[in-house]
2 protein chains.
Amino acid sequence: MDGHRRLWCNAGMPAATDVDAAAAPAFSPLYRQIKALLTQALQAGDWKPGEVIPSEAELAQRFKVSQGTVRKAIDELATDNLLVRRQGRGTFVATHAETQVQYRFLRLVSDDGSADRLERRFLDCRRLRAQAEVARELGLRSGDAVVQIRRLLSLRERPVVLDELWLPGAAFKGLTAERLAQWRGPLYRLFESEFGVHMVRAEEKIRAVAADADAAALLGRAQGAPLLSVERVAYTYGDRPVELRRGLYDTTTHHYRNELS
Amino acid sequence: MDGHRRLWCNAGMPAATDVDAAAAPAFSPLYRQIKALLTQALQAGDWKPGEVIPSEAELAQRFKVSQGTVRKAIDELATDNLLVRRQGRGTFVATHAETQVQYRFLRLVSDDGSADRLERRFLDCRRLRAQAEVARELGLRSGDAVVQIRRLLSLRERPVVLDELWLPGAAFKGLTAERLAQWRGPLYRLFESEFGVHMVRAEEKIRAVAADADAAALLGRAQGAPLLSVERVAYTYGDRPVELRRGLYDTTTHHYRNELS
DNA sequence: AAGTGGTCTAGACCACCTG
DNA sequence: AGGTGGTCTAGACCACTTA
């Protein structure tokens, strides 16, 4: 129709400084503005994980753009794994509560390719004050309340992963050791259904480290044995960090699988 | 116009058996058929890495489809990193010979985020007969000729990566130690410009291992020190494996960075 | 100014799912 | 049968690059 209805929609963005002015995109195409609106709706919780969002036709009408433009916005959100399209059914908010792919972010696979059943065992769950480093990674201030969880994952009766993780205390109020003990399924499913926190993406730093006495005992390995250290920061809508996790993987019969392209 | 010009273009596919018939897609949309044609052209070397491919309009005319359909095919090839679009200039065949992003597949970054200059030192380059495992990973037969290379990467004067890699001898005929010694730049750039082998994607298996005497000496670490083992199989057009690589990373001041989504 | 990719639209029809 | 996403088309115009 008109070809450029540019709203310069930069809601939520900090004011541009001289420094980043150069890096800022000159303009946003319409479909990106629609994408931003949809993202806001997701962040605001207008549609919950697992639910259907309105049809493309309806959204087009609502935003007064063509269906193709809405479509392109949804396309990007789908490749970002925020939405899931299902032909003939509709478009759904991505969720960790699907029967498929239980552990979307766990890249550990067995060397022989077999799919093992995974067993969880929680070691402890405490509320404490965040140390400087934990606070920084979670976007909190030192001394803010955090929940610390430690747990062990086993494959074929053998402990393979020792996880230690920190969550912002404010967002995870009712999270207790009892609650964890009776929970069946991935943690991210619990976080999503009980605390309304959906993990969108994560960044990991991977290193090889020597097992300390504690890790060695829990994983049934010798002290000093090489372990894979996987430090993860997970983000929810709006790129807000909401989990810091440090995993120690025993990689004698399993490995961390990655695809490069 | 017609809406479905389905050619059932399954060139190169084995005949469907009863087993995989269920998994086989019922039909290919037109843009996927175009995508397949473009992929074949890339594989055949019709357009070399770094070169421009014909414009969307011309391809549309050539294939007798609308520009939008060509566009969607190119979109997918661009997200697969086979093509690179440059607004106003054209669409180019992806290459490792760009001044930007020298090491597209190297995920090792320094803990403090600084970008170190990288130094290469070749240890040796031999032609030998493939062992069973190497042959299997490269799609060769045991005893086929392979080239074995070992080299050391250093950051800030400190050796950090010990790589050992195998290439199919047939495709890398003139590859000698001298050739390597005088080469400046990433190996994949050499492979591409001198041997016409472009790496498209790779799979990595990551483990923590203890340094053996050899690796310890070369990396300046104690024997038994934990190292990151990164086993990579790299593929060229048509998903044909053309490189097996095993890297040992010293992760005391660096880490392997990964994004999950 | 000309050429390329990028955006937006409107409409037709297909494939898939659910009632 | 009706609704949803998926494909395809044709045309207009915008943004960017090069000459």
# chains A, B, ... in the order shown; residues from 1 in each chain; ligands from 1
$ select_by_dssp --residues "region 37-97 of chain A" --states "alpha helix (DSSP H)" --output "ChimeraX atom specification"
/A:37-44,56-63,67-79
$ select_by_dssp --residues "region 197-256 of chain B" --states "strand (DSSP E or B)" --output "number ranges by chain"
B: 201-210, 226-236, 240-249, 254-256
$ interface_residues --of "chain C" --to "chain B" --cutoff "9 Å" --atoms "only C-alpha atoms (C1' of nucleotides)" --output "PyMOL selection string"
chain C and resi 3-6+12-14
$ write_last_selection --atoms "N, CA, C and O atoms (P, O5', C5', C4', C3', O3' and C1' of nucleotides)" --output "PDB file, in the first residue's frame"
ATOM      1  P    DG C   3      20.354  -1.564 -15.820  1.00  0.00           P
ATOM      2  O5'  DG C   3      20.739  -2.467 -14.567  1.00  0.00           O
ATOM      3  C5'  DG C   3      22.128  -2.693 -14.283  1.00  0.00           C
ATOM      4  C4'  DG C   3      22.255  -3.244 -12.890  1.00  0.00           C
ATOM      5  C3'  DG C   3      21.244  -4.363 -12.574  1.00  0.00           C
ATOM      6  O3'  DG C   3      21.920  -5.490 -12.058  1.00  0.00           O
ATOM      7  C1'  DG C   3      21.242  -2.724 -10.881  1.00  0.00           C
ATOM      8  P    DT C   4      21.077  -6.834 -11.790  1.00  0.00           P
ATOM      9  O5'  DT C   4      21.174  -7.008 -10.223  1.00  0.00           O
ATOM     10  C5'  DT C   4      22.459  -7.046  -9.568  1.00  0.00           C
ATOM     11  C4'  DT C   4      22.230  -6.896  -8.080  1.00  0.00           C
ATOM     12  C3'  DT C   4      21.124  -7.804  -7.577  1.00  0.00           C
ATOM     13  O3'  DT C   4      21.628  -8.894  -6.848  1.00  0.00           O
ATOM     14  C1'  DT C   4      20.877  -5.567  -6.757  1.00  0.00           C
ATOM     15  P    DG C   5      20.548  -9.993  -6.369  1.00  0.00           P
ATOM     16  O5'  DG C   5      20.157  -9.454  -4.932  1.00  0.00           O
ATOM     17  C5'  DG C   5      21.129  -9.467  -3.901  1.00  0.00           C
ATOM     18  C4'  DG C   5      20.658  -8.602  -2.754  1.00  0.00           C
ATOM     19  C3'  DG C   5      19.601  -9.256  -1.851  1.00  0.00           C
ATOM     20  O3'  DG C   5      19.844  -8.819  -0.519  1.00  0.00           O
ATOM     21  C1'  DG C   5      18.748  -7.264  -2.715  1.00  0.00           C
ATOM     22  P    DG C   6      18.840  -9.257   0.656  1.00  0.00           P
ATOM     23  O5'  DG C   6      17.848  -8.010   0.736  1.00  0.00           O
ATOM     24  C5'  DG C   6      18.174  -6.909   1.573  1.00  0.00           C
ATOM     25  C4'  DG C   6      16.892  -6.198   1.976  1.00  0.00           C
ATOM     26  C3'  DG C   6      15.863  -7.088   2.656  1.00  0.00           C
ATOM     27  O3'  DG C   6      15.340  -6.397   3.788  1.00  0.00           O
ATOM     28  C1'  DG C   6      14.887  -6.003   0.824  1.00  0.00           C
ATOM     29  P    DA C  12      -8.693 -13.791  -5.588  1.00  0.00           P
ATOM     30  O5'  DA C  12      -8.085 -15.199  -5.979  1.00  0.00           O
ATOM     31  C5'  DA C  12      -7.235 -15.299  -7.126  1.00  0.00           C
ATOM     32  C4'  DA C  12      -6.360 -16.526  -6.964  1.00  0.00           C
ATOM     33  C3'  DA C  12      -7.144 -17.765  -6.536  1.00  0.00           C
ATOM     34  O3'  DA C  12      -7.083 -18.733  -7.556  1.00  0.00           O
ATOM     35  C1'  DA C  12      -5.129 -17.479  -5.264  1.00  0.00           C
ATOM     36  P    DC C  13      -8.073 -19.966  -7.487  1.00  0.00           P
ATOM     37  O5'  DC C  13      -7.141 -21.089  -6.860  1.00  0.00           O
ATOM     38  C5'  DC C  13      -5.841 -21.313  -7.416  1.00  0.00           C
ATOM     39  C4'  DC C  13      -5.008 -22.014  -6.388  1.00  0.00           C
ATOM     40  C3'  DC C  13      -5.670 -23.264  -5.777  1.00  0.00           C
ATOM     41  O3'  DC C  13      -4.891 -24.386  -6.128  1.00  0.00           O
ATOM     42  C1'  DC C  13      -4.547 -21.957  -4.159  1.00  0.00           C
ATOM     43  P    DC C  14      -5.381 -25.834  -5.761  1.00  0.00           P
ATOM     44  O5'  DC C  14      -4.247 -26.308  -4.756  1.00  0.00           O
ATOM     45  C5'  DC C  14      -2.895 -25.998  -5.050  1.00  0.00           C
ATOM     46  C4'  DC C  14      -2.025 -26.432  -3.890  1.00  0.00           C
ATOM     47  C3'  DC C  14      -2.402 -27.783  -3.288  1.00  0.00           C
ATOM     48  O3'  DC C  14      -1.220 -28.504  -3.028  1.00  0.00           O
ATOM     49  C1'  DC C  14      -2.439 -26.112  -1.610  1.00  0.00           C
TER      50       DC C  14
END
$ interface_residues --of "chain D" --to "chain A" --cutoff "8 Å" --atoms "only C-alpha atoms (C1' of nucleotides)" --output "PDB file with N, CA and C atoms (P, O5', C5', C4', C3', O3' and C1' of nucleotides), in the first residue's frame"
ATOM      1  P    DG D   3     -14.333 -20.744   9.128  1.00  0.00           P
ATOM      2  O5'  DG D   3     -12.890 -20.901   9.750  1.00  0.00           O
ATOM      3  C5'  DG D   3     -12.729 -21.568  11.001  1.00  0.00           C
ATOM      4  C4'  DG D   3     -11.288 -22.017  11.145  1.00  0.00           C
ATOM      5  C3'  DG D   3     -10.284 -20.913  10.775  1.00  0.00           C
ATOM      6  O3'  DG D   3      -9.409 -20.675  11.867  1.00  0.00           O
ATOM      7  C1'  DG D   3      -9.741 -22.964   9.721  1.00  0.00           C
ATOM      8  P    DT D   4      -8.364 -19.508  11.774  1.00  0.00           P
ATOM      9  O5'  DT D   4      -6.967 -20.255  11.601  1.00  0.00           O
ATOM     10  C5'  DT D   4      -6.550 -21.243  12.560  1.00  0.00           C
ATOM     11  C4'  DT D   4      -5.305 -21.919  12.026  1.00  0.00           C
ATOM     12  C3'  DT D   4      -4.317 -20.916  11.459  1.00  0.00           C
ATOM     13  O3'  DT D   4      -3.152 -20.810  12.236  1.00  0.00           O
ATOM     14  C1'  DT D   4      -4.699 -22.736   9.948  1.00  0.00           C
ATOM     15  P    DG D   5      -2.092 -19.673  11.784  1.00  0.00           P
ATOM     16  O5'  DG D   5      -1.108 -20.538  10.912  1.00  0.00           O
ATOM     17  C5'  DG D   5      -0.308 -21.535  11.533  1.00  0.00           C
ATOM     18  C4'  DG D   5       0.264 -22.458  10.468  1.00  0.00           C
ATOM     19  C3'  DG D   5       1.456 -21.882   9.713  1.00  0.00           C
ATOM     20  O3'  DG D   5       2.348 -22.957   9.454  1.00  0.00           O
ATOM     21  C1'  DG D   5      -0.223 -22.434   8.185  1.00  0.00           C
ATOM     22  P    DG D   6       3.669 -22.724   8.575  1.00  0.00           P
ATOM     23  O5'  DG D   6       3.194 -23.112   7.097  1.00  0.00           O
ATOM     24  C5'  DG D   6       3.299 -24.467   6.669  1.00  0.00           C
ATOM     25  C4'  DG D   6       3.390 -24.504   5.152  1.00  0.00           C
ATOM     26  C3'  DG D   6       4.527 -23.659   4.574  1.00  0.00           C
ATOM     27  O3'  DG D   6       5.215 -24.430   3.585  1.00  0.00           O
ATOM     28  C1'  DG D   6       2.494 -23.043   3.565  1.00  0.00           C
ATOM     29  P    DC D  13       4.901   2.719  -7.410  1.00  0.00           P
ATOM     30  O5'  DC D  13       5.938   2.708  -6.197  1.00  0.00           O
ATOM     31  C5'  DC D  13       5.467   2.449  -4.876  1.00  0.00           C
ATOM     32  C4'  DC D  13       6.631   2.006  -4.037  1.00  0.00           C
ATOM     33  C3'  DC D  13       7.860   2.932  -4.107  1.00  0.00           C
ATOM     34  O3'  DC D  13       8.056   3.492  -2.825  1.00  0.00           O
ATOM     35  C1'  DC D  13       8.443   0.640  -4.136  1.00  0.00           C
ATOM     36  P    DC D  14       9.173   4.579  -2.595  1.00  0.00           P
ATOM     37  O5'  DC D  14      10.175   3.809  -1.616  1.00  0.00           O
ATOM     38  C5'  DC D  14       9.646   3.057  -0.538  1.00  0.00           C
ATOM     39  C4'  DC D  14      10.777   2.333   0.180  1.00  0.00           C
ATOM     40  C3'  DC D  14      12.029   3.187   0.383  1.00  0.00           C
ATOM     41  O3'  DC D  14      12.521   2.953   1.685  1.00  0.00           O
ATOM     42  C1'  DC D  14      12.581   1.226  -0.807  1.00  0.00           C
TER      43       DC D  14
END
$ closest_atom_pairs --of "chain A" --to "chain B" --cutoff "6 Å" --atoms "only C-alpha atoms" --output "Markdown table"
| residue | atom | partner | partner_atom | distance |
| --- | --- | --- | --- | --- |
| A:Arg201 | CA | B:Ser261 | CA | 4.4 |
| A:Ala202 | CA | B:Leu260 | CA | 5.0 |
| A:Glu203 | CA | B:Glu259 | CA | 4.6 |
| A:Glu204 | CA | B:Asn258 | CA | 5.1 |
| A:Lys205 | CA | B:Arg257 | CA | 4.9 |
| A:Ile206 | CA | B:Tyr256 | CA | 4.9 |
| A:Arg207 | CA | B:Thr251 | CA | 5.5 |
| A:Ala208 | CA | B:Leu228 | CA | 5.1 |
| A:Val209 | CA | B:Pro226 | CA | 5.4 |
| A:Ala210 | CA | B:Pro226 | CA | 5.9 |
| A:Pro226 | CA | B:Pro226 | CA | 4.9 |
| A:Leu227 | CA | B:Ala208 | CA | 5.3 |
| A:Leu228 | CA | B:Ala208 | CA | 5.1 |
| A:Thr251 | CA | B:Arg207 | CA | 5.5 |
| A:His255 | CA | B:Arg207 | CA | 5.5 |
| A:Tyr256 | CA | B:Ile206 | CA | 4.9 |
| A:Arg257 | CA | B:Lys205 | CA | 4.9 |
| A:Asn258 | CA | B:Glu204 | CA | 5.1 |
| A:Glu259 | CA | B:Glu203 | CA | 4.6 |
| A:Leu260 | CA | B:Ala202 | CA | 5.0 |
| A:Ser261 | CA | B:Arg201 | CA | 4.4 |
$ atom_distance --atom1 "CA of Gln67 (chain B)" --atom2 "CA of Ala60 (chain A)"
23.7 Å
$ residues_around --residues "region 132-139 of chain B" --least-positions-apart "5" --cutoff "9 Å" --atoms "only C-alpha atoms (C1' of nucleotides)" --output "list in words"
Asp144, Val146, Trp166, Leu167, Pro168, Val233, Arg240, Pro241, Val242, Glu243 and Leu244 of chain B
$ write_last_selection --atoms "N, CA and C atoms" --output "mmCIF file, in the first residue's frame"
data_model
loop_
_atom_site.group_PDB
_atom_site.id
_atom_site.type_symbol
_atom_site.label_atom_id
_atom_site.label_comp_id
_atom_site.auth_asym_id
_atom_site.auth_seq_id
_atom_site.Cartn_x
_atom_site.Cartn_y
_atom_site.Cartn_z
ATOM 1 N N ASP B 144 43.329 -46.668 2.448
ATOM 2 C CA ASP B 144 43.346 -45.577 1.467
ATOM 3 C C ASP B 144 44.335 -44.504 1.919
ATOM 4 N N VAL B 146 45.832 -41.126 3.082
ATOM 5 C CA VAL B 146 45.387 -39.923 3.783
ATOM 6 C C VAL B 146 46.592 -39.043 4.091
ATOM 7 N N TRP B 166 43.353 -35.261 9.652
ATOM 8 C CA TRP B 166 43.477 -36.197 8.550
ATOM 9 C C TRP B 166 42.610 -35.747 7.374
ATOM 10 N N LEU B 167 43.176 -35.841 6.195
ATOM 11 C CA LEU B 167 42.453 -35.461 4.979
ATOM 12 C C LEU B 167 42.542 -36.600 3.974
ATOM 13 N N PRO B 168 41.528 -36.771 3.149
ATOM 14 C CA PRO B 168 41.616 -37.805 2.110
ATOM 15 C C PRO B 168 42.740 -37.470 1.136
ATOM 16 N N VAL B 233 34.465 -33.525 12.658
ATOM 17 C CA VAL B 233 34.358 -34.002 11.286
ATOM 18 C C VAL B 233 33.763 -32.854 10.487
ATOM 19 N N ARG B 240 29.524 -34.364 2.275
ATOM 20 C CA ARG B 240 30.594 -35.360 2.192
ATOM 21 C C ARG B 240 31.687 -34.987 3.182
ATOM 22 N N PRO B 241 32.044 -35.917 4.095
ATOM 23 C CA PRO B 241 33.090 -35.631 5.085
ATOM 24 C C PRO B 241 34.443 -35.539 4.396
ATOM 25 N N VAL B 242 35.223 -34.503 4.703
ATOM 26 C CA VAL B 242 36.523 -34.333 4.043
ATOM 27 C C VAL B 242 37.637 -33.974 5.013
ATOM 28 N N GLU B 243 37.287 -33.924 6.285
ATOM 29 C CA GLU B 243 38.353 -33.674 7.253
ATOM 30 C C GLU B 243 37.977 -34.280 8.589
ATOM 31 N N LEU B 244 38.949 -34.945 9.199
ATOM 32 C CA LEU B 244 38.799 -35.404 10.576
ATOM 33 C C LEU B 244 39.867 -34.686 11.367
#
$ decode --residues "region 65-97 of chain B" --atoms "N, CA and C atoms" --output "PDB file, in the first residue's frame"
ATOM      1  N   VAL B  65      10.345 -19.419 -12.685  1.00  0.00           N
ATOM      2  CA  VAL B  65       9.523 -19.259 -11.485  1.00  0.00           C
ATOM      3  C   VAL B  65       9.552 -17.782 -11.121  1.00  0.00           C
ATOM      4  N   SER B  66       8.762 -17.406 -10.124  1.00  0.00           N
ATOM      5  CA  SER B  66       8.754 -15.996  -9.733  1.00  0.00           C
ATOM      6  C   SER B  66       9.986 -15.690  -8.900  1.00  0.00           C
ATOM      7  N   GLN B  67      10.294 -14.414  -8.807  1.00  0.00           N
ATOM      8  CA  GLN B  67      11.469 -14.018  -8.040  1.00  0.00           C
ATOM      9  C   GLN B  67      11.320 -14.410  -6.571  1.00  0.00           C
ATOM     10  N   GLY B  68      10.105 -14.318  -6.053  1.00  0.00           N
ATOM     11  CA  GLY B  68       9.855 -14.672  -4.658  1.00  0.00           C
ATOM     12  C   GLY B  68      10.237 -16.106  -4.343  1.00  0.00           C
ATOM     13  N   THR B  69      10.044 -16.963  -5.302  1.00  0.00           N
ATOM     14  CA  THR B  69      10.370 -18.382  -5.083  1.00  0.00           C
ATOM     15  C   THR B  69      11.881 -18.586  -5.057  1.00  0.00           C
ATOM     16  N   VAL B  70      12.574 -17.962  -6.013  1.00  0.00           N
ATOM     17  CA  VAL B  70      14.044 -18.003  -5.979  1.00  0.00           C
ATOM     18  C   VAL B  70      14.528 -17.428  -4.662  1.00  0.00           C
ATOM     19  N   ARG B  71      13.902 -16.339  -4.278  1.00  0.00           N
ATOM     20  CA  ARG B  71      14.312 -15.638  -3.058  1.00  0.00           C
ATOM     21  C   ARG B  71      14.258 -16.557  -1.848  1.00  0.00           C
ATOM     22  N   LYS B  72      13.184 -17.317  -1.746  1.00  0.00           N
ATOM     23  CA  LYS B  72      13.039 -18.204  -0.594  1.00  0.00           C
ATOM     24  C   LYS B  72      14.097 -19.305  -0.612  1.00  0.00           C
ATOM     25  N   ALA B  73      14.423 -19.792  -1.797  1.00  0.00           N
ATOM     26  CA  ALA B  73      15.474 -20.806  -1.915  1.00  0.00           C
ATOM     27  C   ALA B  73      16.810 -20.234  -1.447  1.00  0.00           C
ATOM     28  N   ILE B  74      17.110 -19.028  -1.910  1.00  0.00           N
ATOM     29  CA  ILE B  74      18.368 -18.386  -1.522  1.00  0.00           C
ATOM     30  C   ILE B  74      18.376 -18.095  -0.029  1.00  0.00           C
ATOM     31  N   ASP B  75      17.217 -17.692   0.508  1.00  0.00           N
ATOM     32  CA  ASP B  75      17.115 -17.443   1.949  1.00  0.00           C
ATOM     33  C   ASP B  75      17.623 -18.642   2.737  1.00  0.00           C
ATOM     34  N   GLU B  76      17.145 -19.811   2.359  1.00  0.00           N
ATOM     35  CA  GLU B  76      17.549 -21.008   3.099  1.00  0.00           C
ATOM     36  C   GLU B  76      19.037 -21.297   2.943  1.00  0.00           C
ATOM     37  N   LEU B  77      19.539 -21.128   1.733  1.00  0.00           N
ATOM     38  CA  LEU B  77      20.965 -21.355   1.519  1.00  0.00           C
ATOM     39  C   LEU B  77      21.807 -20.337   2.283  1.00  0.00           C
ATOM     40  N   ALA B  78      21.246 -19.150   2.472  1.00  0.00           N
ATOM     41  CA  ALA B  78      21.972 -18.135   3.240  1.00  0.00           C
ATOM     42  C   ALA B  78      21.997 -18.495   4.720  1.00  0.00           C
ATOM     43  N   THR B  79      20.874 -18.994   5.241  1.00  0.00           N
ATOM     44  CA  THR B  79      20.890 -19.376   6.657  1.00  0.00           C
ATOM     45  C   THR B  79      21.719 -20.644   6.875  1.00  0.00           C
ATOM     46  N   ASP B  80      21.883 -21.447   5.833  1.00  0.00           N
ATOM     47  CA  ASP B  80      22.775 -22.609   5.928  1.00  0.00           C
ATOM     48  C   ASP B  80      24.237 -22.213   5.751  1.00  0.00           C
ATOM     49  N   ASN B  81      24.468 -20.930   5.526  1.00  0.00           N
ATOM     50  CA  ASN B  81      25.831 -20.426   5.334  1.00  0.00           C
ATOM     51  C   ASN B  81      26.498 -20.920   4.062  1.00  0.00           C
ATOM     52  N   LEU B  82      25.705 -21.251   3.064  1.00  0.00           N
ATOM     53  CA  LEU B  82      26.291 -21.612   1.773  1.00  0.00           C
ATOM     54  C   LEU B  82      26.410 -20.375   0.890  1.00  0.00           C
ATOM     55  N   LEU B  83      25.499 -19.437   1.089  1.00  0.00           N
ATOM     56  CA  LEU B  83      25.511 -18.190   0.332  1.00  0.00           C
ATOM     57  C   LEU B  83      25.498 -17.015   1.304  1.00  0.00           C
ATOM     58  N   VAL B  84      25.932 -15.884   0.811  1.00  0.00           N
ATOM     59  CA  VAL B  84      25.922 -14.659   1.608  1.00  0.00           C
ATOM     60  C   VAL B  84      25.280 -13.557   0.779  1.00  0.00           C
ATOM     61  N   ARG B  85      24.262 -12.927   1.342  1.00  0.00           N
ATOM     62  CA  ARG B  85      23.608 -11.849   0.601  1.00  0.00           C
ATOM     63  C   ARG B  85      24.235 -10.520   0.975  1.00  0.00           C
ATOM     64  N   ARG B  86      24.373  -9.645  -0.017  1.00  0.00           N
ATOM     65  CA  ARG B  86      24.862  -8.297   0.266  1.00  0.00           C
ATOM     66  C   ARG B  86      23.992  -7.322  -0.485  1.00  0.00           C
ATOM     67  N   GLN B  87      23.217  -6.588   0.292  1.00  0.00           N
ATOM     68  CA  GLN B  87      22.240  -5.690  -0.320  1.00  0.00           C
ATOM     69  C   GLN B  87      22.918  -4.716  -1.271  1.00  0.00           C
ATOM     70  N   GLY B  88      22.332  -4.558  -2.420  1.00  0.00           N
ATOM     71  CA  GLY B  88      22.859  -3.624  -3.402  1.00  0.00           C
ATOM     72  C   GLY B  88      23.981  -4.183  -4.247  1.00  0.00           C
ATOM     73  N   ARG B  89      24.580  -5.314  -3.796  1.00  0.00           N
ATOM     74  CA  ARG B  89      25.719  -5.847  -4.531  1.00  0.00           C
ATOM     75  C   ARG B  89      25.415  -7.170  -5.217  1.00  0.00           C
ATOM     76  N   GLY B  90      24.723  -8.035  -4.484  1.00  0.00           N
ATOM     77  CA  GLY B  90      24.420  -9.330  -5.071  1.00  0.00           C
ATOM     78  C   GLY B  90      24.523 -10.434  -4.039  1.00  0.00           C
ATOM     79  N   THR B  91      24.392 -11.678  -4.485  1.00  0.00           N
ATOM     80  CA  THR B  91      24.514 -12.819  -3.591  1.00  0.00           C
ATOM     81  C   THR B  91      25.790 -13.571  -3.941  1.00  0.00           C
ATOM     82  N   PHE B  92      26.582 -13.895  -2.913  1.00  0.00           N
ATOM     83  CA  PHE B  92      27.913 -14.462  -3.122  1.00  0.00           C
ATOM     84  C   PHE B  92      28.017 -15.863  -2.534  1.00  0.00           C
ATOM     85  N   VAL B  93      28.881 -16.653  -3.103  1.00  0.00           N
ATOM     86  CA  VAL B  93      29.165 -17.970  -2.549  1.00  0.00           C
ATOM     87  C   VAL B  93      30.021 -17.784  -1.297  1.00  0.00           C
ATOM     88  N   ALA B  94      29.601 -18.380  -0.196  1.00  0.00           N
ATOM     89  CA  ALA B  94      30.338 -18.244   1.062  1.00  0.00           C
ATOM     90  C   ALA B  94      31.767 -18.736   0.888  1.00  0.00           C
ATOM     91  N   THR B  95      32.684 -18.067   1.598  1.00  0.00           N
ATOM     92  CA  THR B  95      34.088 -18.423   1.483  1.00  0.00           C
ATOM     93  C   THR B  95      34.797 -18.256   2.826  1.00  0.00           C
ATOM     94  N   HIS B  96      35.879 -19.006   2.999  1.00  0.00           N
ATOM     95  CA  HIS B  96      36.693 -18.821   4.199  1.00  0.00           C
ATOM     96  C   HIS B  96      37.774 -17.778   3.946  1.00  0.00           C
ATOM     97  N   ALA B  97      37.810 -17.245   2.743  1.00  0.00           N
ATOM     98  CA  ALA B  97      38.861 -16.304   2.365  1.00  0.00           C
ATOM     99  C   ALA B  97      38.422 -14.859   2.523  1.00  0.00           C
TER     100      ALA B  97
END
